[in-house]
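To start, the structure under review is shown below, and the notes come after it.
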Amino acid sequence: MKPIDCELESEVLAAVLQDRWPERVDASLREHVAACAICADVLAIAGAIDNDREQLRAHAAFPDSGRVWWLAQMRARREAAQTAGRPITAAQVIAFACAMGLLGACFGATSAWFQSALRRTTSSLATIRFQTLIPFAGTFIAQHGALLLGMAAILLVVPAAVFLTMLRE
Amino acid sequence: MLRETAFTDVRCDSALDDASAGFMMDEDTFRAFYERTARGLWAYLARLTGDRQLAEDLLQETFYRFLRAAATYDNETHRRNSLYRIATNLARDVRRRSLARAALVPAGDDIERLPSGQDAGATERLADFTRAMSRLKPRERAMLWLAYAEGASHREIADVLGLRPTSLKPMLFRARRKLAELLGSAPHGGKV
């Protein structure tokens with residue numbers, strides 16, 4: 001089986017990292033490296049990696065500890081606020097579901113009355129002569145035109161304002 | 001053992017103020033730990049990603065996650081290993097994300113352009129090394145860096161990279177062989 005490590009590779013590594021290679025090491029270690037493929041590989045890469053490490057460390061660009069701490073605090077607060085907001089949203093969903101259920105129950109309880117009222121309204125509308133209403137409508141618009149215009153504006157503007165506000169949020 | 005591990009013991013159970021609630025250490029402890037580890041971690045991330053700006057971003061994210069982790073550590077080495085594990089996982093996640101792919105292609109273009117006051121030969125050797133590293137798999141880069149730049153033990157490397165210690169040795173051997181071959185075939189060598 002081909003060996004994948006050598007007992008002297010740590011010595012070679014130490015010699016390279018401590019700038020002792022090749023002058024300040026035993027001749028026996030130099031002879032070993034010349035004959036050992038594993039130690040030769042260690043020698044080839046260790047110095048290169050160490051040089052690269054020194055270069056990178058010398059030109060490292062990172063924020064100071066105070067800034068990192070401050071940003072971390074801000075982020076932790078924001079995330080805590082978001083986490084605290086989550087149960088409120090869940091409670092709102094539950095409340096909405098309860099309200100819809102209550103509405104359905106009320107409708108079910110009053111459905112007989114509702115259906116009879118609907119029938120009455122339908123039959124009443126069938127008996128109305130709309131042509132007779134036109135003069136009445138004209139008079140009403142002439143007298144309360146401003147009021148009608150305001151109501152129409154509210155009906156249009158309020159939903160639009162709500163929509164735009166929600167969009168911004 | 002990782003380099004620079006002969007640190008004084010760090011208190012982790014200090015009282016936390018309201019703002020830092022949830023952090024595993026107080027500000028003074030954090031700042032001391034950051035000063036000891038940030039430079040080395042940035043170099044690791046820069047070499048792993050090939051991108052200096054990304055390395056800075058990942059560094060900040062690493063420390064944030066480290067602070068939020070509700071973990072206890074036996075000693076400084078354990079704490080540093082945890083930091084490097086978070087960084088390694090973040091770098092891997094970013095690499096996997098398609099959006100970051102363009103920024104993370106390990107071509108080494110970014111860190112090849114490090115400002116250097118050295119002679120042309122040294123600059124070319126650095127560029128050769130960067131290119132050689134960029135041709136390794138990310139995990140190979142990480143394990144070689146941890147072993148030869150950080151001086152981590154096999155057990156520590158396995159811990160950081162989420163590997164079994166028994167499978168690390170052959171993997172490290174292959175990665176080392178590959179890098180040695182790449183450096184040997186580089187135009188300007190790369191040998192010591």
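In the structure tokens, each chain is lettered A, B, ... as it comes, each chain's residues begin at 1, and ligands are numbered from 1 in order of appearance.
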Contacts of range 171-177 of chain B at 8 Å (only C-alpha atoms; same-chain gap of 2+ positions) as an MDAnalysis selection string: (chainID A and resid 4:5 41:42 45) or (chainID B and resid 136 140:141 143:144 167:169 179:181)
Using only C-alpha atoms, which chain A residues lie at most 10 Å away from chain B, written as a ChimeraX atom specification? /A:3-5,13-14,16-17,21-22,37-38,40-77,80
Between CA of Gln143 in chain A and CA of Ile128 in chain A lies a distance of 23.0 Å
What lies within 8 Å of Cys39 in chain A using only C-alpha atoms, ignoring chain neighbours under 3 positions off, as an mmCIF file with N, CA and C atoms, in the first residue's frame?
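That gives us selection.cif:
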data_model
loop_
_atom_site.group_PDB
_atom_site.id
_atom_site.type_symbol
_atom_site.label_atom_id
_atom_site.label_comp_id
_atom_site.auth_asym_id
_atom_site.auth_seq_id
_atom_site.Cartn_x
_atom_site.Cartn_y
_atom_site.Cartn_z
ATOM 1 N N CYS A 6 4.166 10.724 6.410
ATOM 2 C CA CYS A 6 5.533 10.416 6.801
ATOM 3 C C CYS A 6 5.770 10.986 8.197
ATOM 4 N N LEU A 8 8.248 12.292 9.379
ATOM 5 C CA LEU A 8 9.109 13.482 9.428
ATOM 6 C C LEU A 8 8.470 14.726 8.799
ATOM 7 N N GLU A 9 7.269 14.562 8.299
ATOM 8 C CA GLU A 9 6.673 15.715 7.590
ATOM 9 C C GLU A 9 6.424 16.899 8.530
ATOM 10 N N VAL A 12 9.627 18.784 8.718
ATOM 11 C CA VAL A 12 9.848 19.570 7.495
ATOM 12 C C VAL A 12 8.980 20.829 7.539
ATOM 13 N N HIS A 32 16.590 13.102 3.590
ATOM 14 C CA HIS A 32 15.277 12.424 3.649
ATOM 15 C C HIS A 32 14.288 13.068 2.674
ATOM 16 N N VAL A 33 14.245 14.381 2.684
ATOM 17 C CA VAL A 33 13.300 15.090 1.803
ATOM 18 C C VAL A 33 13.604 14.808 0.335
ATOM 19 N N CYS A 36 12.010 11.379 -0.123
ATOM 20 C CA CYS A 36 10.617 11.123 0.300
ATOM 21 C C CYS A 36 9.653 12.024 -0.480
ATOM 22 N N VAL A 42 5.258 18.365 0.982
ATOM 23 C CA VAL A 42 5.079 19.290 2.112
ATOM 24 C C VAL A 42 5.984 20.502 1.920
ATOM 25 N N LEU A 43 7.201 20.235 1.531
ATOM 26 C CA LEU A 43 8.163 21.319 1.306
ATOM 27 C C LEU A 43 7.688 22.256 0.194
#
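Between CA of Glu11 in chain A and CA of Val25 in chain A lies a distance of 9.4 Å.
From CA of Thr121 in chain A back to CA of Ala142 in chain A, the distance works out to 27.6 Å.
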Find, counting only C-alpha atoms, the residue in B:Ser82, B:Thr37, B:Thr29, B:Thr88 that gets nearest to Leu161 in chain B. B:Thr88
